[in-house]
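Undergrad: Structure provided below as structure tokens; questions to follow.
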Amino acid sequence: MPQSALPAGPALPGESALTAARIEAILDSRTRSLAARGTAPEARPTRSLLVCRAGAETIGLPLDGVAEVFPFRPCTKVPGAPAALVGLTGRGGVLVSVVDLAVALGTAPASPEGAAGHVVLLRRDGPRIGLRVDRVLSMAEAVVETSAEGLGRRAVAGYARAALTADDHGADASGFAVIDLASLLAPLLAAEPPGPA
């Protein structure tokens with residue numbers, strides 16, 4: 001039976017407005033939409049970070065700059081040292097300068113004398129330096145956004161967002177600052193050593 005001989009069904013509202021050109025446009029739009037559905041978002045490089053709590057801040061430290069993490073223990077004070085320098089401690093027979101990360105960033109006062117925490121020993125040539133943090137939360141792979149606006153502190157290299165788990169004990173899932181270790185240490189290493197009294 002030829003197609004023109006089929007009885008016409010009931011007219012749908014707006015059916016008269018569907019011209020051949022309009023039908024073609026709808027099909028093209030739908031084809032583009034379906035084709036875009038299968039494309040993966042642009043892959044962006046991630047960085048491995050050690051996520052820590054320093055004062056009230058959640059901070060990311062580049063994992064390639066971390067040599068070791070160990071529990072904080074009381075340090076020997078250094079007279080005339082910068083406020084961020086907690087003191088000196090020994091680790092594996094080597095002297096380590098311990099810097100309070102929160103104080104170095106200008107975010108919080110030094111933690112109380114007997115406070116627990118961790119020391120993140122940095123991997124670097126030269127004097128051994130450890131950063132005192134309140135707690136090491138996790139390791140994370142994250143995309144680091146480096147935009148010029150919002151970088152209020154010189155040592156902040158950018159901001160990241162990482163999928164943190166329930167075990168991350170209070171980590172801020174909305175994001176955190178990522179520290180540029182060289183910029184953080186530059187003012188401390190440039191400080192004049194205390195002279196003779």
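Chain labels follow the order of the structure tokens: the first chain is A, the next B, and so on; residue numbering restarts at 1 in every chain, and ligands are counted from 1 in their shown order.
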Could you give me, as a list in words, the residues within 7 Å of A:Val99, counting only C-alpha atoms and dropping anything in the same chain fewer than 4 positions from it?
TA: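 In the requested format, the answer is Ala84, Leu85, Val86, Gly130, Leu131 and Arg132 of chain A.
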Undergrad: Could the residues in this selection be saved with N, CA and C atoms as a PDB file, in the first residue's frame?
TA:
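And here is the file that came out, out20.pdb:
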ATOM      1  N   ALA A  84      59.117  32.719  63.218  1.00  0.00           N
ATOM      2  CA  ALA A  84      58.639  31.460  62.639  1.00  0.00           C
ATOM      3  C   ALA A  84      59.520  30.274  63.007  1.00  0.00           C
ATOM      4  N   LEU A  85      60.762  30.519  63.407  1.00  0.00           N
ATOM      5  CA  LEU A  85      61.672  29.417  63.748  1.00  0.00           C
ATOM      6  C   LEU A  85      61.365  28.933  65.157  1.00  0.00           C
ATOM      7  N   VAL A  86      60.810  27.728  65.248  1.00  0.00           N
ATOM      8  CA  VAL A  86      60.463  27.136  66.538  1.00  0.00           C
ATOM      9  C   VAL A  86      61.736  26.791  67.297  1.00  0.00           C
ATOM     10  N   GLY A 130      62.548  21.627  58.545  1.00  0.00           N
ATOM     11  CA  GLY A 130      61.274  20.941  58.709  1.00  0.00           C
ATOM     12  C   GLY A 130      60.187  21.965  58.991  1.00  0.00           C
ATOM     13  N   LEU A 131      58.997  21.706  58.474  1.00  0.00           N
ATOM     14  CA  LEU A 131      57.858  22.588  58.720  1.00  0.00           C
ATOM     15  C   LEU A 131      56.957  21.960  59.770  1.00  0.00           C
ATOM     16  N   ARG A 132      56.725  22.691  60.861  1.00  0.00           N
ATOM     17  CA  ARG A 132      55.826  22.185  61.894  1.00  0.00           C
ATOM     18  C   ARG A 132      54.390  22.478  61.460  1.00  0.00           C
TER      19      ARG A 132
END
Undergrad: Neighbours of stretch 60-62 of chain A within 6 Å (only C-alpha atoms; same-chain residues fewer than 3 positions away dropped), as a JSON list (two decimals) with N, CA, C and O atoms, in the first residue's frame?
TA:
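To be explicit, this is the file written out as part_29.json:
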[["chain", "number", "residue", "atom", "x", "y", "z"],
["A", 49, "LEU", "N", 50.24, 16.15, 46.25],
["A", 49, "LEU", "CA", 50.36, 17.09, 47.36],
["A", 49, "LEU", "C", 50.21, 16.37, 48.69],
["A", 49, "LEU", "O", 49.47, 15.39, 48.80],
["A", 50, "LEU", "N", 50.91, 16.87, 49.69],
["A", 50, "LEU", "CA", 50.72, 16.45, 51.07],
["A", 50, "LEU", "C", 49.82, 17.50, 51.70],
["A", 50, "LEU", "O", 50.19, 18.67, 51.77],
["A", 51, "VAL", "N", 48.61, 17.10, 52.10],
["A", 51, "VAL", "CA", 47.63, 18.05, 52.63],
["A", 51, "VAL", "C", 47.76, 18.08, 54.15],
["A", 51, "VAL", "O", 47.72, 17.03, 54.81],
["A", 65, "GLY", "N", 58.74, 17.74, 47.23],
["A", 65, "GLY", "CA", 59.61, 18.51, 48.11],
["A", 65, "GLY", "C", 59.65, 17.98, 49.53],
["A", 65, "GLY", "O", 60.30, 18.56, 50.40],
["A", 178, "VAL", "N", 48.10, 26.00, 47.93],
["A", 178, "VAL", "CA", 49.28, 25.18, 47.65],
["A", 178, "VAL", "C", 50.50, 26.10, 47.79],
["A", 178, "VAL", "O", 50.54, 27.19, 47.22],
["A", 179, "ILE", "N", 51.47, 25.64, 48.56],
["A", 179, "ILE", "CA", 52.63, 26.46, 48.90],
["A", 179, "ILE", "C", 53.79, 26.23, 47.94],
["A", 179, "ILE", "O", 54.09, 25.10, 47.59]]
Undergrad: Running DSSP on the backbone, which parts of stretch 17-190 of chain A land in helix (DSSP H, G or I), as a PyMOL selection string?
TA: chain A and resi 17+20-37+63-65+101-105+166-168+181-190
Undergrad: Quick one: residues within 12 Å of A:Gly92, only C-alpha atoms, excluding same-chain residues fewer than 3 positions away - as a list in words?
TA: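 Returned residues: Glu68, Phe70, Thr89, Leu95, Val96, Leu121 and Arg128 of chain A.
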Undergrad: Quick one: everything within 10 Å of A:Leu189, counting only C-alpha atoms, minus sequence neighbours fewer than 5 positions away in the same chain. Send it as a PDB file with all heavy atoms, in the first residue's frame.
TA:
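File around.pdb, as written:
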ATOM      1  N   PRO A 127      70.918  23.563  54.395  1.00  0.00           N
ATOM      2  CA  PRO A 127      70.489  23.236  55.764  1.00  0.00           C
ATOM      3  C   PRO A 127      69.183  22.455  55.761  1.00  0.00           C
ATOM      4  O   PRO A 127      68.303  22.707  54.942  1.00  0.00           O
ATOM      5  CB  PRO A 127      70.294  24.613  56.414  1.00  0.00           C
ATOM      6  CG  PRO A 127      70.928  25.602  55.515  1.00  0.00           C
ATOM      7  CD  PRO A 127      71.008  24.990  54.157  1.00  0.00           C
ATOM      8  N   ALA A 182      60.113  27.239  47.841  1.00  0.00           N
ATOM      9  CA  ALA A 182      61.240  28.165  47.673  1.00  0.00           C
ATOM     10  C   ALA A 182      60.842  29.570  48.107  1.00  0.00           C
ATOM     11  O   ALA A 182      61.606  30.256  48.804  1.00  0.00           O
ATOM     12  CB  ALA A 182      61.713  28.160  46.220  1.00  0.00           C
ATOM     13  N   LEU A 184      58.456  30.354  50.222  1.00  0.00           N
ATOM     14  CA  LEU A 184      58.218  30.326  51.662  1.00  0.00           C
ATOM     15  C   LEU A 184      59.521  30.464  52.441  1.00  0.00           C
ATOM     16  O   LEU A 184      59.601  31.208  53.414  1.00  0.00           O
ATOM     17  CB  LEU A 184      57.527  29.018  52.053  1.00  0.00           C
ATOM     18  CG  LEU A 184      57.315  28.792  53.547  1.00  0.00           C
ATOM     19  CD1 LEU A 184      56.189  29.683  54.058  1.00  0.00           C
ATOM     20  CD2 LEU A 184      57.024  27.341  53.839  1.00  0.00           C
TER      21      LEU A 184
END
Undergrad: Residues at most 6 Å from A:Asp134, counting only C-alpha atoms, excluding those fewer than 4 positions away in the same chain, as a PyMOL selection string?
TA: chain A and resi 53-54+117
Undergrad: Now that the selection is made, can you save its residues with N, CA and C atoms as a short mmCIF file (atom, residue, chain, number, x, y, z; two decimals), in the first residue's frame?
TA:
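After the write, again.cif holds the following:
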data_model
loop_
_atom_site.label_atom_id
_atom_site.label_comp_id
_atom_site.auth_asym_id
_atom_site.auth_seq_id
_atom_site.Cartn_x
_atom_site.Cartn_y
_atom_site.Cartn_z
N ARG A 53 47.17 20.54 58.00
CA ARG A 53 46.47 21.61 58.72
C ARG A 53 47.54 22.41 59.44
N ALA A 54 47.58 23.73 59.18
CA ALA A 54 48.52 24.64 59.84
C ALA A 54 47.71 25.79 60.40
N GLY A 117 51.78 17.58 67.07
CA GLY A 117 51.76 17.95 65.66
C GLY A 117 52.75 17.09 64.91
#
Undergrad: Restricting the calculation to only C-alpha atoms: of A:Ser48, A:Ile23, A:Glu141, A:Val98, which residue gets closest to A:Asp64?
TA: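 Using only C-alpha atoms, A:Asp64 sits closest to A:Ser48.
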